[in-house]
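Q: Quick one: the structure is below, questions incoming.
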Amino acid sequence: MATTELPIYTKKDFQTDQEIRWCPGCGDYAILSAVQMVFADLRVPKEKLVFISGIGCSSRFPYYMNTFGFHTIHGRAPAVATGVKLVRPDLDVWVATGDGDSLSIGGNHTIHMLRRNVGLKVLMFNNKIYGLTKGQYSPTSEVGKKAKSTPFGSVDRPFNPLSLAIGSEATFVARSVDVFQAHLRETLKKAAAHKGSAYVEILQNCNIFNDGAWDSITERDARSEHVVQLEHGKPLIFGKNRDKGIRLVGLELEVVTLGNGITENDLLVHDEHNENPVYAFAITRMDTMPGFPTPIGVFRAIENVPQYEDLVNQQIADVQAKKGKGDLAKLLRAGDTWVLKA
Amino acid sequence: MSTTLVDIKGRKKEVVDRAVIRFCGDSGDGMQITGSQFTNTAALFGNDLATFPDFPAEIRAPAGTLPGVSGFQVHFSSNDVYTPGDAVDVLVAMNPAALKMNIADLKPNGILIVNLDNFEENDLRKAQVKVSPLEDHSLDAYRLFSVELTKLTRSALKELGLDAKSMDRCKNFFALGMCYWLYNRSMEPTLRYLNDKFKNKPDLVSANTLAMKAGYSYCEATEAFQISYEIPPAKLEPGVYRNISGNAALALGFVAASQQAGVKLFLGSYPITPASDILHELSMYKDFGVTTFQAEDEIAAITSAIGAAYAGALGITTTSGPGMALKTEALGLAVAVELPLVVCDIQRGGPSTGLPTKTEQADLLQALFGRNSEAPVPVLAPATPGDCFWIALEASRIAIKYMVPVIILSDGYLANGAEPWKIPTVEELPKIEVKYETNPVGFQPYKRNPETLARGWAIPGTPGLEHRIGGIEKQDVTGNINYEPLNHEHMVRTRAEKVAGIAQDIPEIVPEGDASGDLLIVAWGSTNGPITAAMNAQREKGRKIGHVHLRHLNPFPRNLGEIMKRYKKILVPEMNMGQLVMILRAKYLVDAQSYGKIQGKPFKQSEIEDKIEELLD
């Protein structure tokens, strides 16, 4: 293949002329900006980038990205994207989705895409509410959520999206936050580099129907107390004074304060390449445990699982290598035939 | 028509022009394989034929019970065969349940072979029979042969050292051997099949071979069989033939279409009776670069195919009624984004789960209208198992040329039924032209070909063609999101006009039989056989009848309205409550009369003839 100079892109190259129709102040703007910046640095020709989405506020994303884009139907983006990726494994296929699209109506496609390890990058915007249908609780809303369809509070237990992803055999699982721009770009780059399905939960604020849902994480004063940043090979430390950490006792996680004989050596050291999903699963549980911080960053990144589209196409190539390319005339005459003469 | 020969032993050999055999037994008795083997042998001999496999939805209902009865009927002849036959000449019944369920279809004086070993008290009880029919004279009207199939098979196989269960599984081949003797057929094709199928299990080859030969020799040796039959080869159009079922023909047709178009074939499918065989078949053709994706559900099956089409492949999906219902929303998406796609609905009895293994034609209105809003799609229907091949090519041609999803309505009878199929040469196949958009200058995603109204196929990976499409209403030409009232009306009418325009691109219809007269039969799908046979028989009686069999159900052939005016009456037989007839009446304001049968079974020739007589006398 001839080497071609890749064009040098800027964020602007990925903007479209379409009027953006998200509410002013929506967290989606920040995500769009981060994605456009990351795409400019991907070194992937624009025509090889495809954005596929389902339905919901997040799913308007493709219209604002100057790449190939396909706004499909509710929940089905992973299945459409799987078809694209199987036919054209050379394309860089991204999925924009939300907590309703990916975890309610599209839950089945999400888990099966993850177990197959299709090489798709999924950006799941989690605002814990249904925005486009104007404010019903979602499968990630907390118990007791008072919303349009639950005036007395929801009684549904929510999903933990990343626990679900790991339970679905996901090979790459990460979390970032709309307003943590640098962290978000870093996370997206890692997702882009992953071979296989990458599932990225992006905590996103819906300022109309669920404003402040992530305040405990995003408020400048609270941030360091409530967030632990996962970094491969480093201990899990958090707190304004970096004086708190996570320790593993048996199968239980524990928040400890450093000092009084407890040192960094006692803390859990983050290992995103740990093949045993038990570890990654355990740390996904922290944000629902009282007193624990919410982890952000890459939870799990396993590189030794083959990508589905490669396996499927390799099987075709193997058969063709063994049997030769199919001959239609021969196929039509396969099996028992007989000749009738005039 | 028959001649009788007498052999040296003084036994008679009668030459007849047609016969119908039905093998029936428990679903574990191997009746489908027995029937298929007889069919294959008859086909290789050069008979025309039609088959009707009829099996229960349960994989193994309790052995010997009525719900567990499975049957396979084959009609073979030295003349044209249009149906599997209304009544049978030879009935092979492996147990009392099978006998009870099938005896009504045996012709008077027909040959009845039963497995005597399966008529013990316990067997009778399972079949809910009080007195053995072998003893109560209820079978006096038939030529009954009570044969100890189990004991005779065991004794034939005793040298092999197999356990009783394994030996008993060969008794169907004993019965097959008997039928080969009865119709003077060579056992060679079945021997070839056994050697190939059980290459790595020599025990099974020997056991089945011995059982079949024992059955053949039994008839040869015993005095009971004083007559055998011969059916000379049929005078079919010269050419190379093979036996083919509708599902296999669809699979071949799609491979041919992808080769003729030079595009990759992608099948997204979720297993469902009676469509799964298309998935099985296509999954073998990896040497043709075919990608088969067994999706997590019906919705992923169609949406993955839409994704594949978006990426430049010929995307197809295969299903039956319940799956069709689940694919509805995605079909609407394919209409809106104007991508090529072929959806095969292998119809079965409904509603809901209905009769999974039985045939019906009741998804026509669903195919035509079963989507939200105005979402017209071309709908095609094959007339015979072999025609499924040509319909797959035609559907693919229309889908690609017009950038539109196309529905094929096959049914359980066509899917599993088989007929001799004249194999075309590759040169006889239609070419399918594919032109992906490549030129960024002036590119607009919804710019249309003025003649076909199809938009361009602009696939990801093409430099300069980056664009967005989606299910939201868009402006014509630019494809930008657009909610303006007049644009919406324009788009709705344009999509409809595009589909309606296909009428200019399909052949005018020419009625079979009389070009004008007393009665026109208008029909579609698998009813072709019995209608053709009935029409021929009635025309021989001097009635003026024509038959139009529609392969294009949307749009209709452009001269259909004019053709219907040439006859005094119009009859529309369908395996539903009158769906095509509703459309014909609404669209053409004709007094077409419905004849519906909704029993999970194809029409009999006699039923159509009775209806014709009722209308014309």
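By order in the structure tokens, chains are A, B, ...; within a chain, residues start at 1; ligands start at 1, following the order shown.
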Near Asn117 of chain A, within 7 Å and counting only C-alpha atoms, which residues show up once chain neighbours fewer than 2 positions away are dropped, as a VMD selection string?

A: chain A and resid 113 to 115 119 170 196 to 197 307 to 308

Q: Would you save the residues of that selection, restricted to N, CA and C atoms, as an mmCIF file, in the first residue's frame?

A:
```cif
data_model
loop_
_atom_site.group_PDB
_atom_site.id
_atom_site.type_symbol
_atom_site.label_atom_id
_atom_site.label_comp_id
_atom_site.auth_asym_id
_atom_site.auth_seq_id
_atom_site.Cartn_x
_atom_site.Cartn_y
_atom_site.Cartn_z
ATOM 1 N N MET A 113 -22.337 -6.846 22.222
ATOM 2 C CA MET A 113 -21.185 -6.207 21.581
ATOM 3 C C MET A 113 -19.951 -6.396 22.454
ATOM 4 N N LEU A 114 -20.131 -6.196 23.779
ATOM 5 C CA LEU A 114 -18.990 -6.290 24.693
ATOM 6 C C LEU A 114 -18.457 -7.717 24.777
ATOM 7 N N ARG A 115 -19.357 -8.702 24.867
ATOM 8 C CA ARG A 115 -18.860 -10.076 24.981
ATOM 9 C C ARG A 115 -18.140 -10.507 23.711
ATOM 10 N N GLY A 119 -14.612 -4.256 17.694
ATOM 11 C CA GLY A 119 -13.733 -3.077 17.817
ATOM 12 C C GLY A 119 -14.474 -1.762 17.662
ATOM 13 N N ALA A 170 -16.331 -7.094 29.039
ATOM 14 C CA ALA A 170 -15.709 -5.963 28.343
ATOM 15 C C ALA A 170 -14.199 -5.998 28.532
ATOM 16 N N GLY A 196 -10.406 -3.644 20.379
ATOM 17 C CA GLY A 196 -11.594 -4.321 20.898
ATOM 18 C C GLY A 196 -12.622 -3.297 21.347
ATOM 19 N N SER A 197 -13.684 -3.781 21.979
ATOM 20 C CA SER A 197 -14.722 -2.854 22.444
ATOM 21 C C SER A 197 -14.194 -1.980 23.571
ATOM 22 N N GLN A 307 -10.190 -9.259 18.397
ATOM 23 C CA GLN A 307 -11.378 -8.485 18.030
ATOM 24 C C GLN A 307 -12.286 -9.360 17.172
ATOM 25 N N TYR A 308 -13.570 -9.200 17.410
ATOM 26 C CA TYR A 308 -14.569 -10.032 16.715
ATOM 27 C C TYR A 308 -14.441 -9.946 15.196
#
```

Q: Near chain A, meaning an atom within 6 Å, which residues of chain B appear when counting only C-alpha atoms? Write them as a PyMOL selection string.

A: chain B and resi 44+238-242+286-288+300+303-305+307-308+311+426+460-463+466-471

Q: Please indicate the distance in Å from atom CA of Asp476 of chain B to atom CA of Ile407 of chain B, rounded to one decimal place.

A: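 Those two atoms sit 24.7 Å apart.
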
Q: Taking only C-alpha atoms into account, name the residue in A:Lys244, A:His183, A:Lys234, A:Lys121 that is nearest to Lys195 of chain A.

A: A:Lys121

Q: From a DSSP pass on the backbone, collect the residues of segment 52-301 of chain A flagged as helix (DSSP H, G or I) and hand them back as a PyMOL selection string.

A: chain A and resi 58-64+77-87+99-105+107-116+161-167+181-193+215-218+220-226+264-266+277-284+286-288

Q: Considering only C-alpha atoms, return as a ChimeraX atom specification whatever protein or nucleic-acid residues lie within 12 Å of Leu176 of chain B, sequence-local ones (same chain, fewer than 5 positions apart) excluded.

A: /B:21-24,30-39,41,90-94,113,149,153,170-171,181-187,190-191,208-219

Q: Using C-alpha atoms, can you write the selected residues to a file as a compact mmCIF listing (two decimals), in the first residue's frame?

A:
```
# COMPACT_ATOMS: atom_id res chain seq x y z
CA ILE B 21 -45.75 -41.94 -1.19
CA ARG B 22 -46.00 -40.72 2.36
CA PHE B 23 -43.62 -41.89 5.06
CA CYS B 24 -44.93 -41.21 8.53
CA GLY B 30 -36.14 -40.57 10.68
CA MET B 31 -39.08 -39.98 8.36
CA GLN B 32 -37.65 -36.74 6.93
CA ILE B 33 -34.40 -38.43 5.92
CA THR B 34 -36.27 -41.42 4.50
CA GLY B 35 -38.47 -39.14 2.42
CA SER B 36 -35.55 -37.00 1.26
CA GLN B 37 -33.66 -40.07 0.16
CA PHE B 38 -36.57 -41.39 -1.86
CA THR B 39 -37.00 -37.92 -3.38
CA THR B 41 -33.43 -41.03 -6.00
CA VAL B 90 -48.48 -45.71 -0.60
CA LEU B 91 -48.56 -44.97 3.09
CA VAL B 92 -45.74 -46.17 5.31
CA ALA B 93 -46.84 -45.89 8.95
CA MET B 94 -44.28 -46.71 11.61
CA ILE B 113 -47.16 -50.71 5.07
CA LEU B 149 -39.93 -53.92 10.63
CA THR B 153 -34.10 -55.03 10.91
CA CYS B 170 -32.18 -48.28 11.07
CA LYS B 171 -35.71 -49.54 10.57
CA TRP B 181 -38.30 -52.42 -4.58
CA LEU B 182 -41.91 -51.40 -4.95
CA TYR B 183 -41.00 -48.70 -7.48
CA ASN B 184 -38.07 -50.52 -9.10
CA ARG B 185 -35.56 -47.95 -7.97
CA SER B 186 -31.81 -48.28 -7.66
CA MET B 187 -30.37 -48.07 -4.15
CA THR B 190 -28.71 -43.67 -1.15
CA LEU B 191 -25.62 -45.86 -0.79
CA ASN B 208 -28.15 -48.58 7.27
CA THR B 209 -26.93 -50.31 4.12
CA LEU B 210 -27.81 -53.74 5.53
CA ALA B 211 -31.21 -52.53 6.71
CA MET B 212 -32.07 -51.00 3.33
CA LYS B 213 -30.91 -54.06 1.40
CA ALA B 214 -32.83 -56.30 3.77
CA GLY B 215 -36.00 -54.32 3.09
CA TYR B 216 -35.45 -54.62 -0.63
CA SER B 217 -34.76 -58.38 -0.43
CA TYR B 218 -37.74 -58.90 1.85
CA CYS B 219 -40.08 -57.71 -0.89
```

Q: Hey, what's within 8 Å of His232 of chain A if we count only C-alpha atoms and toss same-chain stuff fewer than 3 positions away? As a PyMOL selection string, please?

A: chain A and resi 269-272

Q: Using only C-alpha atoms, find the one residue out of A:Glu252, A:Glu186, A:Asp28, A:Glu142 that sits nearest to Ala213 of chain A.

A: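 Ranked by minimum distance to Ala213 of chain A, first place goes to A:Glu142.
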
Q: For Thr353 of chain B, which residue out of B:Ser526, B:Asn40, B:Ser166, B:Ser320 is the nearest one, using only C-alpha atoms?

A: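 Selected residue with least distance to Thr353 of chain B: B:Ser320.
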
Q: Applying 10 Å and only C-alpha atoms, which residues near segment 298-300 of chain A remain after dropping the ones on its own chain fewer than 2 positions away? List them as a VMD selection string.

A: chain A and resid 162 166 170 to 176 186 to 187 190 to 191 198 to 200 229 to 232 270 to 277 279 to 284 295 to 296 302 to 303

Q: Restrict the selected residues to C-alpha atoms and save them as an mmCIF file, in the first residue's frame.

A:
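File written: result-v2.cif
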```
data_model
loop_
_atom_site.group_PDB
_atom_site.id
_atom_site.type_symbol
_atom_site.label_atom_id
_atom_site.label_comp_id
_atom_site.auth_asym_id
_atom_site.auth_seq_id
_atom_site.Cartn_x
_atom_site.Cartn_y
_atom_site.Cartn_z
ATOM 1 C CA LEU A 162 -19.336 -0.257 34.490
ATOM 2 C CA ILE A 166 -17.293 -5.907 33.150
ATOM 3 C CA ALA A 170 -15.709 -5.963 28.343
ATOM 4 C CA THR A 171 -12.010 -5.616 27.553
ATOM 5 C CA PHE A 172 -11.835 -1.852 28.030
ATOM 6 C CA VAL A 173 -13.857 0.035 30.624
ATOM 7 C CA ALA A 174 -13.315 3.640 31.616
ATOM 8 C CA ARG A 175 -15.042 6.622 33.194
ATOM 9 C CA SER A 176 -14.555 10.312 32.774
ATOM 10 C CA GLU A 186 -6.777 11.464 27.856
ATOM 11 C CA THR A 187 -9.415 8.780 28.433
ATOM 12 C CA LYS A 190 -6.776 5.496 25.465
ATOM 13 C CA ALA A 191 -10.130 4.207 24.256
ATOM 14 C CA ALA A 198 -14.043 0.227 24.547
ATOM 15 C CA TYR A 199 -16.859 1.261 26.865
ATOM 16 C CA VAL A 200 -16.456 4.775 28.229
ATOM 17 C CA GLN A 229 -8.174 8.975 39.857
ATOM 18 C CA LEU A 230 -7.114 5.553 38.606
ATOM 19 C CA GLU A 231 -3.575 5.421 37.276
ATOM 20 C CA HIS A 232 -1.972 2.200 36.228
ATOM 21 C CA HIS A 270 -4.187 0.005 40.334
ATOM 22 C CA ASP A 271 -3.639 -2.619 37.657
ATOM 23 C CA GLU A 272 -5.756 -1.953 34.586
ATOM 24 C CA HIS A 273 -4.235 -4.972 32.820
ATOM 25 C CA ASN A 274 -5.282 -7.435 35.508
ATOM 26 C CA GLU A 275 -6.965 -10.154 33.498
ATOM 27 C CA ASN A 276 -9.049 -11.328 36.414
ATOM 28 C CA PRO A 277 -12.202 -9.215 36.156
ATOM 29 C CA TYR A 279 -10.470 -6.638 40.603
ATOM 30 C CA ALA A 280 -11.956 -4.273 38.028
ATOM 31 C CA PHE A 281 -15.450 -5.249 39.113
ATOM 32 C CA ALA A 282 -14.640 -4.532 42.753
ATOM 33 C CA ILE A 283 -13.492 -0.999 42.038
ATOM 34 C CA THR A 284 -16.584 -0.279 39.923
ATOM 35 C CA PRO A 295 -13.103 6.264 40.596
ATOM 36 C CA ILE A 296 -12.427 7.844 37.222
ATOM 37 C CA ILE A 302 -7.099 -6.119 28.365
ATOM 38 C CA GLU A 303 -5.322 -6.326 25.045
#
```

Q: Could you name the residues that touch segment 260-274 of chain B at 8 Å or less, counting only C-alpha atoms, but leaving out those on the same chain fewer than 3 positions away, as JSON, numbers by chain?

A: {"A": [87], "B": [254, 255, 256, 257, 277, 279, 282, 289, 290, 291, 292, 293, 294, 295, 296, 297, 298, 300, 301, 302, 303, 304, 305, 308, 312, 313, 314, 315, 316, 317, 318, 319, 320, 323, 346, 347, 348, 356, 357, 411, 412, 415, 416, 429, 430, 431, 432, 433, 434]}

Q: Give me a file of those residues, with N, CA and C atoms, as a CSV table (one decimal), in the first residue's frame.

A:
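Final output, saved to result_31.csv:
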```
chain,number,residue,atom,x,y,z
A,87,VAL,N,-18.0,-5.5,8.0
A,87,VAL,CA,-17.8,-5.4,6.5
A,87,VAL,C,-16.5,-4.6,6.3
B,254,PHE,N,-28.8,-15.5,-3.3
B,254,PHE,CA,-28.1,-14.4,-2.7
B,254,PHE,C,-26.6,-14.4,-3.0
B,255,VAL,N,-26.1,-15.6,-2.9
B,255,VAL,CA,-24.6,-15.7,-3.3
B,255,VAL,C,-24.5,-15.3,-4.8
B,256,ALA,N,-25.4,-15.8,-5.6
B,256,ALA,CA,-25.3,-15.4,-7.0
B,256,ALA,C,-25.4,-13.9,-7.2
B,257,ALA,N,-26.4,-13.3,-6.4
B,257,ALA,CA,-26.6,-11.8,-6.5
B,257,ALA,C,-25.3,-11.1,-6.1
B,277,ASP,N,-32.7,-22.5,8.0
B,277,ASP,CA,-31.8,-23.2,7.0
B,277,ASP,C,-31.1,-22.2,6.1
B,279,LEU,N,-29.8,-19.4,7.0
B,279,LEU,CA,-28.6,-19.1,7.8
B,279,LEU,C,-27.5,-20.2,7.7
B,282,LEU,N,-26.0,-20.4,4.1
B,282,LEU,CA,-25.1,-19.3,3.8
B,282,LEU,C,-23.8,-19.3,4.6
B,289,GLY,N,-16.8,-15.4,0.3
B,289,GLY,CA,-16.6,-14.1,1.1
B,289,GLY,C,-17.9,-13.7,1.8
B,290,VAL,N,-18.8,-14.7,2.0
B,290,VAL,CA,-20.1,-14.4,2.7
B,290,VAL,C,-19.9,-14.2,4.2
B,291,THR,N,-20.4,-13.1,4.7
B,291,THR,CA,-20.3,-13.0,6.2
B,291,THR,C,-21.7,-13.3,6.7
B,292,THR,N,-21.8,-14.3,7.7
B,292,THR,CA,-23.0,-14.5,8.3
B,292,THR,C,-22.8,-14.2,9.8
B,293,PHE,N,-23.8,-13.4,10.3
B,293,PHE,CA,-23.7,-13.0,11.7
B,293,PHE,C,-25.0,-13.5,12.4
B,294,GLN,N,-24.8,-14.4,13.3
B,294,GLN,CA,-25.9,-14.9,14.2
B,294,GLN,C,-26.0,-13.9,15.3
B,295,ALA,N,-27.0,-13.0,15.1
B,295,ALA,CA,-27.1,-11.8,16.0
B,295,ALA,C,-27.8,-12.2,17.3
B,296,GLU,N,-27.8,-11.3,18.3
B,296,GLU,CA,-28.4,-11.6,19.6
B,296,GLU,C,-29.9,-11.6,19.6
B,297,ASP,N,-30.5,-10.9,18.6
B,297,ASP,CA,-31.9,-11.0,18.5
B,297,ASP,C,-32.3,-10.5,17.1
B,298,GLU,N,-33.6,-10.5,16.8
B,298,GLU,CA,-34.1,-10.2,15.4
B,298,GLU,C,-33.8,-8.8,15.1
B,300,ALA,N,-31.2,-6.9,16.2
B,300,ALA,CA,-29.7,-6.8,15.8
B,300,ALA,C,-29.5,-7.5,14.5
B,301,ALA,N,-30.3,-8.5,14.1
B,301,ALA,CA,-30.1,-9.2,12.8
B,301,ALA,C,-30.3,-8.2,11.7
B,302,ILE,N,-31.4,-7.4,11.8
B,302,ILE,CA,-31.7,-6.5,10.7
B,302,ILE,C,-30.8,-5.2,10.8
B,303,THR,N,-30.6,-4.8,12.0
B,303,THR,CA,-29.8,-3.5,12.1
B,303,THR,C,-28.4,-3.7,11.7
B,304,SER,N,-27.8,-4.9,12.0
B,304,SER,CA,-26.5,-5.2,11.6
B,304,SER,C,-26.4,-5.3,10.0
B,305,ALA,N,-27.5,-5.8,9.4
B,305,ALA,CA,-27.5,-5.8,8.0
B,305,ALA,C,-27.6,-4.4,7.4
B,308,ALA,N,-24.2,-3.1,7.5
B,308,ALA,CA,-23.4,-3.7,6.5
B,308,ALA,C,-23.7,-3.0,5.1
B,312,GLY,N,-21.5,-0.7,2.4
B,312,GLY,CA,-21.3,-1.1,1.0
B,312,GLY,C,-21.6,-2.5,0.7
B,313,ALA,N,-22.1,-3.3,1.6
B,313,ALA,CA,-22.4,-4.7,1.3
B,313,ALA,C,-23.8,-4.9,0.9
B,314,LEU,N,-24.1,-6.0,0.3
B,314,LEU,CA,-25.5,-6.4,0.1
B,314,LEU,C,-26.0,-7.0,1.4
B,315,GLY,N,-26.8,-6.2,2.2
B,315,GLY,CA,-27.2,-6.6,3.5
B,315,GLY,C,-28.5,-7.4,3.4
B,316,ILE,N,-28.6,-8.5,4.0
B,316,ILE,CA,-29.9,-9.3,4.0
B,316,ILE,C,-30.1,-9.8,5.4
B,317,THR,N,-31.4,-10.1,5.7
B,317,THR,CA,-31.8,-10.7,6.9
B,317,THR,C,-32.9,-11.6,6.7
B,318,THR,N,-33.0,-12.7,7.4
B,318,THR,CA,-34.0,-13.8,7.2
B,318,THR,C,-34.7,-14.1,8.5
B,319,THR,N,-36.0,-14.3,8.3
B,319,THR,CA,-36.8,-14.5,9.5
B,319,THR,C,-38.2,-15.1,9.2
B,320,SER,N,-39.0,-15.2,10.2
B,320,SER,CA,-40.4,-15.6,10.0
B,320,SER,C,-41.3,-14.6,10.7
B,323,GLY,N,-40.4,-12.7,14.0
B,323,GLY,CA,-39.2,-12.0,13.8
B,323,GLY,C,-39.5,-10.7,13.0
B,346,ILE,N,-40.0,-15.9,5.9
B,346,ILE,CA,-40.5,-17.3,5.5
B,346,ILE,C,-41.7,-17.5,6.4
B,347,GLN,N,-42.9,-17.2,5.8
B,347,GLN,CA,-44.1,-17.2,6.6
B,347,GLN,C,-44.5,-18.6,7.2
B,348,ARG,N,-45.1,-18.5,8.4
B,348,ARG,CA,-45.6,-19.7,9.0
B,348,ARG,C,-47.0,-19.3,9.7
B,356,PRO,N,-45.4,-23.0,14.2
B,356,PRO,CA,-44.1,-22.7,13.7
B,356,PRO,C,-43.6,-23.5,12.5
B,357,THR,N,-44.1,-24.8,12.5
B,357,THR,CA,-43.6,-25.6,11.4
B,357,THR,C,-44.6,-25.7,10.2
B,411,ASP,N,-42.6,-19.0,2.2
B,411,ASP,CA,-43.4,-19.6,3.3
B,411,ASP,C,-42.9,-21.0,3.6
B,412,GLY,N,-43.4,-21.6,4.6
B,412,GLY,CA,-42.9,-22.8,5.1
B,412,GLY,C,-42.9,-24.0,4.1
B,415,ALA,N,-40.2,-23.3,1.6
B,415,ALA,CA,-38.9,-23.4,2.3
B,415,ALA,C,-38.4,-24.8,2.4
B,416,ASN,N,-39.3,-25.7,2.7
B,416,ASN,CA,-38.9,-27.1,3.0
B,416,ASN,C,-39.2,-28.0,1.8
B,429,LEU,N,-27.5,-15.4,-15.8
B,429,LEU,CA,-27.9,-14.6,-14.6
B,429,LEU,C,-27.9,-13.2,-15.0
B,430,PRO,N,-28.8,-12.4,-14.4
B,430,PRO,CA,-28.8,-10.9,-14.6
B,430,PRO,C,-27.6,-10.3,-14.0
B,431,LYS,N,-27.1,-9.3,-14.7
B,431,LYS,CA,-26.0,-8.5,-14.1
B,431,LYS,C,-26.6,-7.5,-13.1
B,432,ILE,N,-25.9,-7.2,-12.0
B,432,ILE,CA,-26.4,-6.2,-11.1
B,432,ILE,C,-25.4,-5.1,-11.0
B,433,GLU,N,-25.8,-3.9,-11.5
B,433,GLU,CA,-24.8,-2.8,-11.6
B,433,GLU,C,-24.7,-2.1,-10.2
B,434,VAL,N,-23.5,-2.0,-9.7
B,434,VAL,CA,-23.3,-1.2,-8.5
B,434,VAL,C,-22.3,-0.1,-8.8
```
